[in-house]
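Asker: Following this message is one structure expressed as structure tokens.
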Amino acid sequence: MASTMTTTPARGTSIPCLICENSNTLDALVCATCGAPMALIQEAVAQERDPCIVTVVGDSNVGKTVYLGMLLDMLSKRADDFEAIPKGSYSVNLQHTVISHLAERQFPPKTAIEVDEWHWAYYQVSRGGGAEAPIYDLVMPDMAGEALAAEVATPRTFAVIRALLEKSAGAVLLVDAAMAAAGSTQPDFFALKLMSYLDGALATKRGQKIATPVAIVLSKADYCPECFDNPRAFAQTNLNRLWNICETRFKHFEFFATSVVGALAYGTDEYENVIPYPLHVAPRGIIEPFEWVLSTL
């Protein structure tokens with residue numbers, strides 16, 4: 001991972017963006033090049049160590065915002081003996097939005113395609129407590145699926161996405177298991193494109209497998225409970241293209257099944273569009289992918 005500034009910059013100097021490393025003025029709120037919040041580098045300077053970036057990717061409507069918000073909330077509540085402290089109040093915005101909407105039996109709004117509208121979280125995470133427990137300074141952005149699709153289709157469309165992935169210590173790829181189980185090829189093809197993009201962004205030497213750990217999360221698994229019994233077998237059967245590229249190009253990959261909602265209801269809006277409403281929140285398999293990524297770093 002590229003080194004970042006670890007000393008407080010002198011007055012009058014510029015400061016590099018944590019993501020793309022281009023210089024910005026000290027009073028800049030967002031990077032002029034990639035649009036990432038400059039608060040990230042300010043937190044990194046304060047911690048005096050390079051943060052670990054874990055990037056969550058996936059197609060539009062796959063559940064990235066809900067998954068990431070629920071993950072951060074569970075970590076902050078010490079789930080599975082994790083200790084998670086937000087570094088900067090902005091880091092709480094995503095989980096606050098997700099949990100508040102779910103409590104009101106609504107899904108959070110779609111993430112805007114504009115980079116300056118994305119939620120970014122900077123958390124200090126450890127497990128087990130005690131002075132000997134390793135500490136990870138984690139940066140986790142909530143990216144729009146439409147932005148990811150545009151970047152995959154035409155690389156360099158969103159400079160921040162490429163820079164993020166090149167600096168990522170690990171990645172979490174969400175795939176819609178419900179659509180795959182229903183016979184749709186869309187989840188498999190989009191995941192194949194994303195993994196191919198990751199291959200290009202993370203490759204070091206030609207012919208070598210990618211060492212960056214990638215957790216493939218089968219989201220909305222409550223629609224197809226067989227995912228929980230054997231996620232790998234489900235992927236081999238229903239996401240064979242994705243399975244093949246993982247096996248061929250990635251050294252560390254694993255499949256997980258997850259769900260957040262235990263019961264759904266449906267209604268219509270003023271335009272007669274069908275709207276799902278989460279009646280019951282029952283998170284399952286949220287921590288395991290994140291735990292695996294950390295254990296593989």
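Residues in the structure tokens are numbered from 1 in each chain, the chains being A, B, ... in the order shown, and ligands are numbered from 1 in the order shown.
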With only C-alpha atoms as the counted atoms, please give the residues lying no more than 8 Å from segment 101-103 of chain A, apart from itself and same-chain residues fewer than 5 positions off, as a ChimeraX atom specification.
Answerer: /A:108,278,281
Asker: Applying 10 Å and only C-alpha atoms, which residues near Leu18 of chain A remain after dropping the ones on its own chain fewer than 5 positions away? List them as a ChimeraX atom specification.
Answerer: /A:2-5,23,31,36-45,50-51,163-164,167
Asker: Neighbouring residues of Tyr266 of chain A were defined as those with any atom within 7 Å, considering only C-alpha atoms; residues of the same chain fewer than 2 positions away were excluded. Please report them as a list in words.
Answerer: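 Neighbouring residues, sequence-local ones excluded: Leu264, Val274, Ile275, Pro276 and Tyr277 of chain A.
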Asker: Take the residues just selected and output them with C-alpha atoms as a PDB file, in the first residue's frame.
Answerer:
```
ATOM      1  CA  LEU A 264     -40.705  -7.987   3.521  1.00  0.00           C
ATOM      2  CA  VAL A 274     -43.773  -1.549  -6.445  1.00  0.00           C
ATOM      3  CA  ILE A 275     -41.885  -0.625  -3.270  1.00  0.00           C
ATOM      4  CA  PRO A 276     -40.487  -3.201  -0.799  1.00  0.00           C
ATOM      5  CA  TYR A 277     -40.722  -2.480   2.916  1.00  0.00           C
TER       6      TYR A 277
END
```
Asker: Determine the nearest neighbour of Ser60 of chain A from the options A:Ile113, A:Ala28, A:Ala144, A:Ile161, counting only C-alpha atoms.
Answerer: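 When distances to Ser60 of chain A are compared using only C-alpha atoms, the smallest one comes from A:Ala144.
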Asker: Compile the contact shell of segment 202-217 of chain A as a CSV table (one decimal) with N, CA and C atoms, in the first residue's frame: residues with an atom at most 8 Å away, counting only C-alpha atoms, same-chain residues fewer than 4 positions apart removed.
Answerer:
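Saved as part.csv:
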```
chain,number,residue,atom,x,y,z
A,165,LEU,N,-9.4,1.1,-5.4
A,165,LEU,CA,-9.1,-0.3,-5.6
A,165,LEU,C,-7.6,-0.6,-5.6
A,166,GLU,N,-6.8,0.3,-6.2
A,166,GLU,CA,-5.4,0.1,-6.3
A,166,GLU,C,-4.8,0.2,-4.9
A,168,SER,N,-6.5,-0.7,-2.1
A,168,SER,CA,-7.3,-1.5,-1.2
A,168,SER,C,-6.5,-2.7,-0.7
A,169,ALA,N,-6.5,-2.9,0.6
A,169,ALA,CA,-5.9,-4.1,1.2
A,169,ALA,C,-6.8,-5.3,1.1
A,170,GLY,N,-8.1,-5.1,0.9
A,170,GLY,CA,-9.1,-6.2,0.8
A,170,GLY,C,-10.3,-5.6,0.1
A,171,ALA,N,-11.1,-6.5,-0.4
A,171,ALA,CA,-12.4,-6.1,-1.1
A,171,ALA,C,-13.5,-7.0,-0.7
A,172,VAL,N,-14.7,-6.5,-0.7
A,172,VAL,CA,-15.9,-7.2,-0.5
A,172,VAL,C,-16.8,-7.0,-1.7
A,173,LEU,N,-17.1,-8.1,-2.4
A,173,LEU,CA,-18.0,-8.0,-3.6
A,173,LEU,C,-19.3,-8.6,-3.3
A,174,LEU,N,-20.4,-7.8,-3.4
A,174,LEU,CA,-21.8,-8.2,-3.2
A,174,LEU,C,-22.4,-8.7,-4.5
A,175,VAL,N,-23.0,-9.8,-4.4
A,175,VAL,CA,-23.7,-10.4,-5.6
A,175,VAL,C,-25.1,-10.8,-5.2
A,198,LEU,N,-11.0,-5.7,-11.2
A,198,LEU,CA,-10.1,-5.8,-10.1
A,198,LEU,C,-8.8,-6.5,-10.4
A,248,THR,N,-9.1,-18.9,-11.1
A,248,THR,CA,-8.0,-18.7,-12.0
A,248,THR,C,-7.0,-17.6,-11.6
A,249,ARG,N,-7.6,-16.5,-11.2
A,249,ARG,CA,-6.8,-15.2,-11.0
A,249,ARG,C,-6.6,-14.7,-9.6
A,250,PHE,N,-7.3,-15.3,-8.6
A,250,PHE,CA,-7.2,-14.8,-7.3
A,250,PHE,C,-6.7,-15.9,-6.3
A,251,LYS,N,-5.7,-15.5,-5.5
A,251,LYS,CA,-5.1,-16.4,-4.5
A,251,LYS,C,-6.0,-16.6,-3.3
A,252,HIS,N,-6.6,-15.5,-2.8
A,252,HIS,CA,-7.4,-15.5,-1.6
A,252,HIS,C,-8.8,-15.1,-1.9
A,253,PHE,N,-9.8,-16.0,-2.0
A,253,PHE,CA,-11.2,-15.6,-2.2
A,253,PHE,C,-12.0,-16.6,-1.4
A,254,GLU,N,-13.2,-16.1,-1.0
A,254,GLU,CA,-14.1,-17.0,-0.3
A,254,GLU,C,-15.5,-16.5,-0.5
A,255,PHE,N,-16.5,-17.4,-0.4
A,255,PHE,CA,-17.9,-17.1,-0.6
A,255,PHE,C,-18.6,-17.1,0.7
A,256,PHE,N,-19.5,-16.1,0.9
A,256,PHE,CA,-20.3,-16.0,2.1
A,256,PHE,C,-21.8,-15.7,1.7
A,257,ALA,N,-22.7,-16.2,2.5
A,257,ALA,CA,-24.1,-15.8,2.4
A,257,ALA,C,-24.5,-14.9,3.5
A,258,THR,N,-25.3,-13.9,3.1
A,258,THR,CA,-25.8,-12.9,4.1
A,258,THR,C,-27.2,-12.4,3.8
A,289,PRO,N,-17.8,-12.2,6.5
A,289,PRO,CA,-16.9,-11.8,5.4
A,289,PRO,C,-15.8,-10.8,5.8
A,290,PHE,N,-16.2,-9.8,6.6
A,290,PHE,CA,-15.3,-8.8,7.1
A,290,PHE,C,-14.2,-9.4,8.0
A,292,TRP,N,-13.2,-12.5,7.8
A,292,TRP,CA,-12.3,-13.3,7.0
A,292,TRP,C,-11.3,-12.4,6.2
A,293,VAL,N,-11.7,-11.2,5.8
A,293,VAL,CA,-10.8,-10.3,5.1
A,293,VAL,C,-9.7,-9.9,6.0
A,296,THR,N,-7.1,-12.5,6.7
A,296,THR,CA,-6.3,-12.8,5.5
A,296,THR,C,-5.2,-11.8,5.2
A,297,LEU,N,-5.4,-10.6,5.8
A,297,LEU,CA,-4.4,-9.5,5.5
A,297,LEU,C,-3.0,-9.8,6.0
```
Asker: Could you tell me which of A:Asp222, A:Asp116, A:Asp59, A:Asp229 comes closest to Val260 of chain A if we count only C-alpha atoms?
Answerer: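 Among the listed residues, A:Asp222 lies closest to Val260 of chain A.
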